[in-house]
Amino acid sequence: APEAGDLAAARGGGWWLDLRGAEGAGALAEQALSVLEAWRRGARRFAVGLDSLLGPRGEPLPALGMVHHLQRRLAGAVVEGSFAFPQEPHNRVLRRGEARDMALWRDPPATLSLFLGDSVRIVDLFGAPIAPDYRPPYVLVEADPVPKFLLGLDPELVRTILSFEAVPERVVPSSRAAALQVRFTNHFTDRILGSLQIFPPDGWPGGMQEVPFDVRGGEAWEGEVVLEPSRFAPTGETRHMVRYLLVFAREGGERGVEVYQFLRLGHDGWRLQARWSREGDRVRLRQTVTVDGDRPVKMTAYLRVPGRPPRTEPLGWVRPGAPEVVTFTLSGSEWVPGIVLGVRETDGEGRFDNAALPDLLPEVGGGELR
């Protein structure tokens with residue numbers, strides 16, 4: 001038999017699926033996800049050995065129900081994209097003609113509140129219906145590692161959400177506000193008149209902003225949004241969620257559609273490394289900053305413990321290629337959620353770089369923070 005996942009196994013850009021021994025929901029889910037990923041990359045058929053679908057006496061195995069349902073969901077469908085949701089579940093929007101469905105899963109599990117249409121149906125990995133828990137206009141979905149399928153999404157709504165874009169996705173953290181260019185296309189057939197409400201990430205300065213729009217069917221809208229990052233917001237790979245709410249009226253009534261974006265904060269001016277270590281009942285926090293480029297940067301290092309004034313240590317002018325090291329200490333009892341270790345440029349744009357400490361003091365003796 002071909003190797004599992006061998007794209008050459010099924011002719012015409014297919015995917016070989018080896019389900020031998022895959023009996024539990026977890027094992028079957030893992031194989032189903034491999035098919036969904038292959039579909040996202042362009043596969044349009046998959047092959048399965050009969051010995052993995054039928055038992056020794058010809059009795060159907062659980063894998064047969066899953067394969068039959070996957071074939072129903074994927075035949076003639078392409079992966080159109082995916083949505084950003086607050087709990088960051090994995091999802092794939094499936095387009096078949098004008099119809100839109102979604103595969104949805106998450107590890108660890110979480111309850112999601114979604115609005116993707118007025119008549120969404122939910123089925124499990126084997127096609128069995130799941131009674132939706134409606135909280136109008138939302139439906140609650142229990143997302144777990146085993147994919148579920150949401151059927152009958154509103155195609156115009158889905159296309160409008162997928163068209164939403166806010167750039168850049170990485171902004172420079174500094175004392176200056178960051179401008180984002182926001183655009184979307186009205187894929188409804190009629191005009192939508194309303195406003196875009198913008199909610200910054202938790203802990204960032206400023207409240208909700210509102211920008212009006214009036215967009216005819218099939219036309220695009222573009223505007224600018226200004227956000228000011230929190231001076232103690234973690235930088236690097238940490239993702240900060242911005243919530244957008246499209247509130248509009250159309251012939252069918254008023255709607256509020258949530259769209260989410262995850263921003264990263266970072267720049268290429270210097271590199272920050274941070275470590276921690278235990279010494280008895282004390283914790284040492286050591287950070288090393290190395291300036292890139294050809295100009296020195298005047299900096300201050302700091303440790304911020306929630307509820308207390310930041311502790312600072314001036315570094316002066318840090319020369320390119322000459323790392324500066326600074327160490328802060330605190331007691332184990334001072335370790336609380338929200339501690340930030342960082343450096344800030346004390347002239348120019350006021351750029352900063354922050355490493356967030358874990359909420360709980362790890363039991364190990366030390367390690368890397370950044």
# chains A, B, ... in the order shown; residues from 1 in each chain; ligands from 1
call {"tool": "residues_around", "arguments": {"residues": "Glu254 in chain A", "least_positions_apart": "6", "cutoff": "10 Å", "atoms": "only C-alpha atoms", "output": "NGL selection string"}}
result
:A and (192-194 or 247-248)
call {"tool": "residues_around", "arguments": {"residues": "range 231-244 of chain A", "least_positions_apart": "6", "cutoff": "8 Å", "atoms": "only C-alpha atoms", "output": "count of residues only"}}
result
27
call {"tool": "closest_residue", "arguments": {"among": "A:Gly350, A:Pro362, A:Pro320, A:Pro168", "to": "Val336 in chain A", "atoms": "only C-alpha atoms"}}
result
A:Pro362
call {"tool": "residues_around", "arguments": {"residues": "Gly332 in chain A", "least_positions_apart": "3", "cutoff": "6 Å", "atoms": "only C-alpha atoms", "output": "MDAnalysis selection string"}}
result
chainID A and resid 281:282 335
call {"tool": "write_last_selection", "arguments": {"atoms": "N, CA and C atoms", "output": "tab-separated table (two decimals), in the first residue's frame"}}
result
chain	number	residue	atom	x	y	z
A	281	ASP	N	15.21	32.36	47.81
A	281	ASP	CA	13.84	32.87	47.66
A	281	ASP	C	13.80	34.09	46.76
A	282	ARG	N	14.91	34.40	46.08
A	282	ARG	CA	14.97	35.53	45.16
A	282	ARG	C	14.95	35.03	43.72
A	335	TRP	N	6.13	37.75	42.70
A	335	TRP	CA	5.80	37.27	41.36
A	335	TRP	C	4.28	37.17	41.23
call {"tool": "residues_around", "arguments": {"residues": "Gln181 in chain A", "least_positions_apart": "4", "cutoff": "10 Å", "atoms": "only C-alpha atoms", "output": "VMD selection string"}}
result
chain A and resid 165 to 168 222 to 226
call {"tool": "write_last_selection", "arguments": {"atoms": "N, CA and C atoms", "output": "mmCIF file, in the first residue's frame"}}
result
data_model
loop_
_atom_site.group_PDB
_atom_site.id
_atom_site.type_symbol
_atom_site.label_atom_id
_atom_site.label_comp_id
_atom_site.auth_asym_id
_atom_site.auth_seq_id
_atom_site.Cartn_x
_atom_site.Cartn_y
_atom_site.Cartn_z
ATOM 1 N N GLU A 165 -9.744 43.380 5.755
ATOM 2 C CA GLU A 165 -8.288 43.403 5.868
ATOM 3 C C GLU A 165 -7.861 44.659 6.622
ATOM 4 N N ALA A 166 -6.938 44.507 7.554
ATOM 5 C CA ALA A 166 -6.345 45.633 8.274
ATOM 6 C C ALA A 166 -4.832 45.450 8.231
ATOM 7 N N VAL A 167 -4.140 46.395 7.648
ATOM 8 C CA VAL A 167 -2.688 46.303 7.483
ATOM 9 C C VAL A 167 -2.025 47.562 8.043
ATOM 10 N N PRO A 168 -0.799 47.405 8.565
ATOM 11 C CA PRO A 168 -0.003 46.174 8.631
ATOM 12 C C PRO A 168 -0.436 45.283 9.796
ATOM 13 N N GLU A 222 -12.704 51.759 2.289
ATOM 14 C CA GLU A 222 -11.375 51.818 2.899
ATOM 15 C C GLU A 222 -11.305 53.006 3.832
ATOM 16 N N GLY A 223 -10.676 52.823 4.970
ATOM 17 C CA GLY A 223 -10.521 53.898 5.938
ATOM 18 C C GLY A 223 -9.298 53.664 6.798
ATOM 19 N N GLU A 224 -9.014 54.614 7.678
ATOM 20 C CA GLU A 224 -7.836 54.529 8.545
ATOM 21 C C GLU A 224 -8.253 54.448 10.001
ATOM 22 N N VAL A 225 -7.561 53.602 10.741
ATOM 23 C CA VAL A 225 -7.778 53.424 12.176
ATOM 24 C C VAL A 225 -6.448 53.690 12.874
ATOM 25 N N VAL A 226 -6.495 54.403 13.980
ATOM 26 C CA VAL A 226 -5.276 54.728 14.726
ATOM 27 C C VAL A 226 -5.342 54.065 16.099
#
call {"tool": "residues_around", "arguments": {"residues": "Asp294 in chain A", "least_positions_apart": "2", "cutoff": "9 Å", "atoms": "only C-alpha atoms", "output": "list in words"}}
result
Val291, Asp292, Pro296, Arg319, Pro320 and Gly321 of chain A
